[in-house]
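Visitor: First the structure, which I've put down as structure tokens, then a few questions once you've had a look.
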Amino acid sequence: MVAVAHTLQDIEVTVGKLQGELHRLTTRKELLERELAAVAAHLDSVLVALGALQHFMKTVPAPPAGQDETRPRRAENQRPQEHAVVPTARGGNPVSGRYGSLTEEVMKIVSAAGGATVRARDVAAALGRDSDTGSINGVRSTLDRLVANSRIQRAGRGLYRGNPS
């Protein structure tokens with residue numbers, strides 16, 4: 001009888017510890033979810049700003065020879081950008097509808113990246129098709145067909161690059 005009472009007491013202690021751990025982990029999870037949401041929002045704003053600045057830099061004419069440049073040059077030992085940021089429709093780039101079929105629109109965006117890799121989600125955003133998962137998956141399918149037809153290359157999981165000219 002004493003052994004059974006001792007075992008029940010051990011179980012009650014273990015249950016108490018697990019309930020405390022459950023509360024601690026639930027609180028930690030909520031904090032991490034809030035932090036992740038804040039980071040994701042900040043990432044989106046940085047991507048939009050970077051895309052707009054990259055677009056702006058392409059439109060600024062080069063200074064005449066012999067004059068100081070106002071744009072900073074990339075250091076020779078600095079690596080190029082890992083993947084291109086594609087301007088979204090929110091950034092004022094009305095890509096959707098200008099080129100006809102989805103395949104041609106996707107090809108224009110990948111080609112505009114200039115050999116840099118692009119993410120399927122960024123291509124979908126540039127086309128204004130990032131509102132739901134189905135639309136993004138449609139762009140992914142188009143990218144995969146272009147890879148299968150050797151019109152573009154897969155540069156990694158979820159990354160695509162135009163074929164070198």
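Simple scheme: letters A, B, ... for chains in structure tokens order, numbers from 1 for residues in each chain, numbers from 1 for ligands in the order shown.
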Would you pick out the contacts of Met107 (chain A) at 9 Å or less, using only C-alpha atoms, so that residues sharing its chain but fewer than 2 positions from it are not included, and give the list as a ChimeraX atom specification?
Guide: /A:102-105,109-112,143,146,151-152,162
Visitor: Give me the residues within 10 Å of Tyr160 (chain A) as a ChimeraX atom specification, counting only C-alpha atoms and dropping any in the same chain fewer than 2 places off.
Guide: /A:83,110,115-120,123,140,143-144,146-147,152-158,162-163
